[in-house]
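S.K.: My questions will all concern the structure given below.
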Amino acid sequence: MEEEPHPADAPPAPVPATVTPPIAPIPLPLPTLAAIPRPPAARLGSPDGSESDREGSAPPHSAAAVPPDEYEISEESRAVRERQEKVRQELLLKRKAYAMAVPTNPESVRARLRRLGEPITLFGEREMERRDRLRAIMVRLDAEGQLERLLRAHDEEEQAAQAAAAADTGEGEEGPIKYPFFTLGSQELLEARMDIAKYSLVRAAARLERERRRREDPDEDPDAEAELVLQQAGRFVLDCSEIGDDRPLTGCSFSQDGSLLATSSWSGVAKIWSMPSVRKVSTLKGHTDRLTDVVFSPVDDCVATSSADKTAKLWSTDGSLIRSFDGHTDRLCRIAFHPSGKYIGTASFDKSWRLWDIKTGVELLYQEGHSRRLYGICFHPDGSLAASCGLDALARVWDLRTGRSILALEGHVKEVLGICFSPNGYHLATAGEDNACRIWDLRKRKCLYVIPAHSCIISQVKFEPQEGYFLATASYDTKATVWSAKDFKPVKPLIGHEGRVTDLDITGAADGQIIATVAHDKTIKIWTCKNDKDAMEIDDNSPA
């Protein structure tokens with residue numbers, strides 16, 4: 001007890017030591033906060049950041065005070081700048097590449113690659129890929145300053161070889177052969193174009209005169225007539241259903257007077273049926289593969305069929321073969337008669353459509369213009385225009401009198417499978433795999449209306465052939481639908497098939513309109529709407 005120290009003898013230091021540790025860290029963050037603006041101030045001055053340099057006569061932000069090369073750039077900033085410069089150079093090269101003239105003809109592309117000493121083709125390389133490779137090679141050589149030299153040297157070699165050959169043959173100096181930019185047509189094509197021009201001018205003048213007379217005649221009321229036709233179309237009912245073949249059906253077409261119906265199927269056989277009883281009249285056999293379409297002539301009872309065997313055939317209604325049209329290199333899809341009945345058009349997967357002479361079977365026109373496979377074709381009611389559609393989501397309108405493509409209708413986002421001109425002469429309907437039907441105004445050269453018609457692929461679209469007051473679409477959703485051509489609202493859904501509806505056709509009869517549909521369920525269905533007015537007149541005139 002006595003050895004314990006007195007409280008007065010204890011050192012005074014420990015008491016403040018216990019209080020200072022929690023207080024000392026409080027000002028520590030202040031130097032770090034104050035140091036934040038210092039690095040920029042040091043960069044504005046000399047490299048050592050001395051105070052005397054910052055107070056010099058020249059302002060710190062002056063360009064003359066510090067050369068740009070003496071700025072301190074971090075490695076990260078330098079990497080970002082290099083990456084940006086690389087991207088800029090790539091964009092410049094791409095811009096230059098697309099501005100550079102590259103041949104579009106596959107043979108010319110191979111010739112240019114051969115001139116540059118590159119392989120003319122690679123394993124599995126397509127035409128567009130080969131053209132892109134040539135473009136990249138030309139851009140690279142141009143950047144290295146070698147493109148002009150290589151092409152010039154090769155041109156000089158070719159000119160020397162041509163001059164030597166001309167000297168050997170004694171032809172003289174006529175220069176290189178200049179090829180025309182167009183394809184020379186045959187004399188038959190020239191005569192066909194003149195015939196089509198004469199036919200279309202008469203038809204167009206008659207159509208315009210008729211429309212002018214209807215507009216000026218006070219007794220004519222087109223709106224009331226259209227309303228009456230639409231009311232009748234709203235009463236379409238299933239009148240008949242018949243098994244058409246033991247395999248899926250692909251096409252159907254009414255004859256000019258509506259007394260016959262032709263159908264095609266995957267079995268490679270077309271059949272002729274009498275209307276309205278839908279009784280088989282004859283069978284058309286001759287194709288070696290499945291049929292893709294069938295169509296009646298607008299002037300007589302001839303029938304044309306197209307097939308996956310790359311041929312089209314012309315038949316009489318009794319089943320005898322009249323003529324075969326050979327020339328396509330891939331399967332045919334749709335086929336159409338010219339309104340004059342003298343020509344037929346065929347669309348094929350070989351990216352072309354062709355015009356054929358009915359009487360001689362000669363191929364008059366081989367027309368390209370689509371980047372992918374063609375599917376549909378149709379002719380203007382006047383006979384002056386043709387329209388084609390294909391798997392490139394594009395529809396084109398062609399002038400048959402000049403051979404030029406006058407319109408390219410872009411708007412569909414997927415393949416276009418159906419196309420049809422309206423009888424009014426200025427509307428065109430297209431439909432395809434985007435489940436939409438587009439109405440185009442040829443006068444305004446733009447899309448007039450988009451009909452979200454079905455929930456699945458639309459396989460065909462057709463206007464009512466007399467006045468075009470309504471149109472009908474067939475779809476893979478097992479339905480066909482009738483639409484008003486005035487406001488494009490639905491008029492009547494035709495529900496009854498159990499498989500994909502592949503085609504339809506419309507014809508007029510004395511007692512109303514008739515629609516025929518065919519589908520993968522192997523059935524033909526006939527839809528009719530009776531004219532109440534005509535039926536009343538028949539009842540009034542009947543004997544008591």
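Residues in the structure tokens are numbered from 1 in each chain, the chains being A, B, ... in the order shown, and ligands are numbered from 1 in the order shown.
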So which residues touch region 277-279 of chain A within 8 Å, counting only C-alpha atoms, skipping near sequence neighbours fewer than 2 positions away, as a ChimeraX atom specification?
M.R.: /A:240,242,261,273-275,281
S.K.: Take the selection from the previous step and output its residues with N, CA and C atoms, as a tab-separated table (two decimals), in the first residue's frame.
M.R.:
```tsv
chain	number	residue	atom	x	y	z
A	240	CYS	N	-69.99	-23.67	-102.65
A	240	CYS	CA	-69.61	-25.02	-103.06
A	240	CYS	C	-68.19	-25.31	-102.61
A	242	GLU	N	-65.17	-28.47	-103.23
A	242	GLU	CA	-64.87	-29.68	-104.00
A	242	GLU	C	-63.41	-30.06	-103.81
A	261	LEU	N	-63.41	-23.11	-114.86
A	261	LEU	CA	-62.42	-22.82	-113.82
A	261	LEU	C	-61.25	-23.78	-113.99
A	273	TRP	N	-62.68	-27.27	-114.79
A	273	TRP	CA	-63.94	-27.55	-114.13
A	273	TRP	C	-65.03	-26.67	-114.74
A	274	SER	N	-66.22	-27.23	-114.87
A	274	SER	CA	-67.36	-26.45	-115.33
A	274	SER	C	-67.98	-25.71	-114.15
A	275	MET	N	-68.50	-24.53	-114.43
A	275	MET	CA	-69.12	-23.71	-113.40
A	275	MET	C	-70.61	-23.56	-113.71
A	281	VAL	N	-63.99	-31.30	-116.27
A	281	VAL	CA	-64.20	-31.41	-117.71
A	281	VAL	C	-63.03	-32.11	-118.38
```
S.K.: Taking 2 positions as the minimum chain separation for residues in the same chain, which residues sit within 6 Å of region 489-506 of chain A when counting only C-alpha atoms? Answer as JSON, numbers by chain.
M.R.: {"A": [234, 250, 251, 253, 459, 460, 474, 475, 476, 478, 479, 480, 481, 482, 483, 484, 487, 514, 515, 516, 517, 518, 519, 520, 521]}
S.K.: Using only C-alpha atoms for the distances, tell me which of A:Ala312, A:Val413, A:Met194, A:Val139 is nearest to Trp356 (chain A).
M.R.: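 Smallest distance to Trp356 (chain A) is found for A:Ala312.
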S.K.: Which is closer to Ala143 (chain A) than all the others in A:Asp350, A:Glu125, A:Asp441, A:Glu90, using only C-alpha atoms?
M.R.: A:Glu90
S.K.: List every residue of region 155-324 of chain A that DSSP, applied to the backbone, labels as strand (DSSP E), and write the result as a PyMOL selection string.
M.R.: chain A and resi 237-243+249-254+260-265+269-274+279-285+291-296+303-307+311-315+321-324
S.K.: Selection from above, N, CA and C atoms, as a short mmCIF file (atom, residue, chain, number, x, y, z; two decimals), in the first residue's frame, can you write it?
M.R.:
```cif
data_model
loop_
_atom_site.label_atom_id
_atom_site.label_comp_id
_atom_site.auth_asym_id
_atom_site.auth_seq_id
_atom_site.Cartn_x
_atom_site.Cartn_y
_atom_site.Cartn_z
N VAL A 237 -71.02 -15.83 -99.47
CA VAL A 237 -71.20 -17.05 -98.67
C VAL A 237 -70.56 -18.20 -99.43
N LEU A 238 -70.21 -19.24 -98.70
CA LEU A 238 -69.64 -20.44 -99.31
C LEU A 238 -70.75 -21.19 -100.03
N ASP A 239 -70.60 -21.28 -101.35
CA ASP A 239 -71.64 -21.91 -102.17
C ASP A 239 -71.30 -23.36 -102.51
N CYS A 240 -69.99 -23.67 -102.65
CA CYS A 240 -69.61 -25.02 -103.06
C CYS A 240 -68.19 -25.31 -102.61
N SER A 241 -67.91 -26.55 -102.28
CA SER A 241 -66.58 -27.00 -101.92
C SER A 241 -66.33 -28.35 -102.58
N GLU A 242 -65.17 -28.47 -103.23
CA GLU A 242 -64.87 -29.68 -104.00
C GLU A 242 -63.41 -30.06 -103.81
N ILE A 243 -63.15 -31.36 -103.70
CA ILE A 243 -61.77 -31.85 -103.65
C ILE A 243 -61.16 -31.68 -105.05
N LEU A 249 -53.25 -27.64 -103.79
CA LEU A 249 -53.53 -26.83 -104.96
C LEU A 249 -52.73 -25.53 -104.89
N THR A 250 -52.29 -25.04 -106.06
CA THR A 250 -51.41 -23.86 -106.09
C THR A 250 -51.99 -22.68 -106.85
N GLY A 251 -52.95 -22.91 -107.77
CA GLY A 251 -53.47 -21.80 -108.56
C GLY A 251 -54.86 -22.08 -109.07
N CYS A 252 -55.57 -21.00 -109.42
CA CYS A 252 -56.90 -21.13 -110.00
C CYS A 252 -57.16 -19.91 -110.88
N SER A 253 -58.03 -20.10 -111.90
CA SER A 253 -58.33 -19.01 -112.82
C SER A 253 -59.65 -19.28 -113.51
N PHE A 254 -60.48 -18.22 -113.62
CA PHE A 254 -61.74 -18.31 -114.34
C PHE A 254 -61.51 -18.03 -115.82
N LEU A 260 -65.91 -21.65 -116.98
CA LEU A 260 -64.92 -22.68 -116.68
C LEU A 260 -63.98 -22.18 -115.60
N LEU A 261 -63.41 -23.11 -114.86
CA LEU A 261 -62.42 -22.82 -113.82
C LEU A 261 -61.25 -23.78 -113.99
N ALA A 262 -60.04 -23.26 -114.00
CA ALA A 262 -58.83 -24.08 -114.10
C ALA A 262 -58.09 -24.06 -112.78
N THR A 263 -57.56 -25.22 -112.38
CA THR A 263 -56.79 -25.32 -111.14
C THR A 263 -55.48 -26.06 -111.42
N SER A 264 -54.47 -25.76 -110.60
CA SER A 264 -53.16 -26.43 -110.70
C SER A 264 -52.79 -26.95 -109.33
N SER A 265 -51.91 -27.97 -109.31
CA SER A 265 -51.57 -28.61 -108.04
C SER A 265 -50.13 -29.10 -108.07
N VAL A 269 -50.41 -31.68 -112.40
CA VAL A 269 -51.58 -31.81 -113.27
C VAL A 269 -52.48 -30.61 -113.07
N ALA A 270 -52.98 -30.06 -114.18
CA ALA A 270 -53.99 -29.00 -114.14
C ALA A 270 -55.33 -29.59 -114.56
N LYS A 271 -56.41 -29.04 -114.01
CA LYS A 271 -57.74 -29.56 -114.30
C LYS A 271 -58.67 -28.42 -114.68
N ILE A 272 -59.62 -28.73 -115.58
CA ILE A 272 -60.63 -27.78 -116.00
C ILE A 272 -61.97 -28.22 -115.41
N TRP A 273 -62.68 -27.27 -114.79
CA TRP A 273 -63.94 -27.55 -114.13
C TRP A 273 -65.03 -26.67 -114.74
N SER A 274 -66.22 -27.23 -114.87
CA SER A 274 -67.36 -26.45 -115.33
C SER A 274 -67.98 -25.71 -114.15
N ARG A 279 -67.77 -29.38 -111.89
CA ARG A 279 -67.64 -30.74 -112.40
C ARG A 279 -66.43 -30.80 -113.32
N LYS A 280 -65.57 -31.80 -113.16
CA LYS A 280 -64.34 -31.88 -113.94
C LYS A 280 -64.64 -32.12 -115.40
N VAL A 281 -63.99 -31.30 -116.27
CA VAL A 281 -64.20 -31.41 -117.71
C VAL A 281 -63.03 -32.11 -118.38
N SER A 282 -61.80 -31.73 -118.02
CA SER A 282 -60.61 -32.32 -118.65
C SER A 282 -59.43 -32.21 -117.70
N THR A 283 -58.37 -32.94 -118.03
CA THR A 283 -57.13 -32.95 -117.25
C THR A 283 -55.97 -32.62 -118.17
N LEU A 284 -55.10 -31.73 -117.72
CA LEU A 284 -53.96 -31.29 -118.51
C LEU A 284 -52.70 -31.91 -117.93
N LYS A 285 -52.15 -32.91 -118.62
CA LYS A 285 -50.95 -33.60 -118.17
C LYS A 285 -49.82 -33.38 -119.16
N LEU A 291 -46.90 -28.00 -110.46
CA LEU A 291 -47.36 -26.77 -111.09
C LEU A 291 -47.37 -25.64 -110.06
N THR A 292 -47.06 -24.45 -110.54
CA THR A 292 -47.02 -23.29 -109.65
C THR A 292 -48.14 -22.30 -109.93
N ASP A 293 -48.71 -22.32 -111.15
CA ASP A 293 -49.78 -21.37 -111.47
C ASP A 293 -50.50 -21.83 -112.73
N VAL A 294 -51.72 -21.32 -112.90
CA VAL A 294 -52.52 -21.58 -114.10
C VAL A 294 -53.34 -20.34 -114.36
N VAL A 295 -53.55 -20.02 -115.66
CA VAL A 295 -54.31 -18.81 -116.00
C VAL A 295 -55.00 -19.02 -117.34
N PHE A 296 -56.24 -18.52 -117.45
CA PHE A 296 -57.00 -18.56 -118.69
C PHE A 296 -56.65 -17.35 -119.56
N VAL A 303 -55.46 -22.17 -122.07
CA VAL A 303 -54.98 -22.17 -120.69
C VAL A 303 -53.46 -22.26 -120.70
N ALA A 304 -52.81 -21.44 -119.86
CA ALA A 304 -51.36 -21.48 -119.71
C ALA A 304 -51.01 -21.94 -118.30
N THR A 305 -50.00 -22.80 -118.21
CA THR A 305 -49.55 -23.30 -116.91
C THR A 305 -48.05 -23.06 -116.76
N SER A 306 -47.62 -22.86 -115.53
CA SER A 306 -46.20 -22.73 -115.21
C SER A 306 -45.83 -23.80 -114.19
N SER A 307 -44.58 -24.22 -114.24
CA SER A 307 -44.19 -25.37 -113.43
C SER A 307 -42.79 -25.19 -112.87
N THR A 311 -40.53 -24.79 -117.25
CA THR A 311 -41.23 -24.58 -118.51
C THR A 311 -42.63 -24.05 -118.25
N ALA A 312 -43.17 -23.40 -119.28
CA ALA A 312 -44.57 -23.01 -119.32
C ALA A 312 -45.20 -23.67 -120.53
N LYS A 313 -46.49 -23.99 -120.44
CA LYS A 313 -47.16 -24.69 -121.53
C LYS A 313 -48.52 -24.05 -121.79
N LEU A 314 -48.92 -24.12 -123.07
CA LEU A 314 -50.21 -23.61 -123.51
C LEU A 314 -51.08 -24.78 -123.92
N TRP A 315 -52.33 -24.77 -123.40
CA TRP A 315 -53.23 -25.90 -123.60
C TRP A 315 -54.57 -25.40 -124.15
N LEU A 321 -52.08 -30.37 -125.74
CA LEU A 321 -50.98 -29.40 -125.62
C LEU A 321 -50.83 -28.64 -126.94
N ILE A 322 -50.78 -27.31 -126.84
CA ILE A 322 -50.60 -26.47 -128.03
C ILE A 322 -49.15 -26.10 -128.22
N ARG A 323 -48.50 -25.65 -127.16
CA ARG A 323 -47.11 -25.19 -127.30
C ARG A 323 -46.43 -25.19 -125.94
N SER A 324 -45.11 -25.36 -125.96
CA SER A 324 -44.29 -25.31 -124.74
C SER A 324 -43.30 -24.17 -124.86
#
```
S.K.: Neighbours of region 446-457 of chain A within 8 Å (only C-alpha atoms; same-chain residues fewer than 6 positions away dropped), as a list of chain:residue names?
M.R.: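 Once the adjacent positions are removed, what remains is A:Leu409, A:Gly411, A:Gly432, A:Glu433, A:Asp434, A:Asn435, A:Ala436, A:Cys437, A:Arg438, A:Ile439, A:Trp440, A:Thr473, A:Ser475, A:Tyr476, A:Asp477, A:Thr481, A:Phe488.
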S.K.: Could you jot down the CA of Tyr375 (chain A) to CA of Gly390 (chain A) separation for me, Å, one decimal place?
M.R.: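 Separation of CA of Tyr375 (chain A) and CA of Gly390 (chain A): 4.7 Å.
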S.K.: So which residues touch Phe349 (chain A) within 9 Å, counting only C-alpha atoms, skipping near sequence neighbours fewer than 6 positions away, as an NGL selection string?
M.R.: :A and (328-333 or 372-375 or 390)
S.K.: Using only N, CA, C and O atoms, please write the residues we just selected to a file, as a PDB file, in the first residue's frame.
M.R.:
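Output file selection_25.pdb is given in full below:
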```pdb
ATOM      1  N   HIS A 328     -36.220 -20.643-119.377  1.00  0.00           N
ATOM      2  CA  HIS A 328     -35.830 -20.288-118.010  1.00  0.00           C
ATOM      3  C   HIS A 328     -34.843 -21.321-117.466  1.00  0.00           C
ATOM      4  O   HIS A 328     -34.877 -22.497-117.831  1.00  0.00           O
ATOM      5  N   THR A 329     -33.986 -20.856-116.572  1.00  0.00           N
ATOM      6  CA  THR A 329     -32.965 -21.720-115.980  1.00  0.00           C
ATOM      7  C   THR A 329     -33.288 -22.136-114.553  1.00  0.00           C
ATOM      8  O   THR A 329     -32.480 -22.806-113.919  1.00  0.00           O
ATOM      9  N   ASP A 330     -34.439 -21.701-114.044  1.00  0.00           N
ATOM     10  CA  ASP A 330     -34.857 -22.093-112.699  1.00  0.00           C
ATOM     11  C   ASP A 330     -36.376 -22.205-112.705  1.00  0.00           C
ATOM     12  O   ASP A 330     -37.037 -21.910-113.704  1.00  0.00           O
ATOM     13  N   ARG A 331     -36.930 -22.624-111.591  1.00  0.00           N
ATOM     14  CA  ARG A 331     -38.361 -22.894-111.521  1.00  0.00           C
ATOM     15  C   ARG A 331     -39.170 -21.640-111.818  1.00  0.00           C
ATOM     16  O   ARG A 331     -38.759 -20.514-111.536  1.00  0.00           O
ATOM     17  N   LEU A 332     -40.347 -21.834-112.418  1.00  0.00           N
ATOM     18  CA  LEU A 332     -41.274 -20.744-112.677  1.00  0.00           C
ATOM     19  C   LEU A 332     -42.222 -20.579-111.499  1.00  0.00           C
ATOM     20  O   LEU A 332     -42.524 -21.550-110.789  1.00  0.00           O
ATOM     21  N   CYS A 333     -42.695 -19.362-111.321  1.00  0.00           N
ATOM     22  CA  CYS A 333     -43.667 -19.085-110.249  1.00  0.00           C
ATOM     23  C   CYS A 333     -45.011 -18.694-110.856  1.00  0.00           C
ATOM     24  O   CYS A 333     -45.797 -19.548-111.189  1.00  0.00           O
ATOM     25  N   ARG A 372     -32.988 -10.440-106.456  1.00  0.00           N
ATOM     26  CA  ARG A 372     -33.260 -11.790-105.974  1.00  0.00           C
ATOM     27  C   ARG A 372     -34.341 -12.429-106.835  1.00  0.00           C
ATOM     28  O   ARG A 372     -34.764 -11.875-107.841  1.00  0.00           O
ATOM     29  N   ARG A 373     -34.806 -13.583-106.441  1.00  0.00           N
ATOM     30  CA  ARG A 373     -35.727 -14.361-107.270  1.00  0.00           C
ATOM     31  C   ARG A 373     -37.049 -13.629-107.488  1.00  0.00           C
ATOM     32  O   ARG A 373     -37.576 -12.985-106.592  1.00  0.00           O
ATOM     33  N   LEU A 374     -37.576 -13.750-108.709  1.00  0.00           N
ATOM     34  CA  LEU A 374     -38.877 -13.190-109.044  1.00  0.00           C
ATOM     35  C   LEU A 374     -39.976 -14.169-108.670  1.00  0.00           C
ATOM     36  O   LEU A 374     -39.782 -15.385-108.717  1.00  0.00           O
ATOM     37  N   TYR A 375     -41.134 -13.597-108.349  1.00  0.00           N
ATOM     38  CA  TYR A 375     -42.251 -14.464-107.969  1.00  0.00           C
ATOM     39  C   TYR A 375     -43.527 -14.139-108.735  1.00  0.00           C
ATOM     40  O   TYR A 375     -44.214 -15.045-109.212  1.00  0.00           O
ATOM     41  N   GLY A 390     -40.812  -9.708-106.355  1.00  0.00           N
ATOM     42  CA  GLY A 390     -39.955 -10.837-106.038  1.00  0.00           C
ATOM     43  C   GLY A 390     -39.525 -10.884-104.590  1.00  0.00           C
ATOM     44  O   GLY A 390     -40.048 -10.164-103.732  1.00  0.00           O
TER      45      GLY A 390
END
```
S.K.: How far is it from CA of Ile419 (chain A) to CA of Arg214 (chain A), in Å with one decimal?
M.R.: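 Between CA of Ile419 (chain A) and CA of Arg214 (chain A) the gap is 27.8 Å.
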S.K.: Quick one: pull the distance between CA of Glu368 (chain A) and CA of His287 (chain A), Å, one decimal.
M.R.: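 A separation of 25.5 Å between them.
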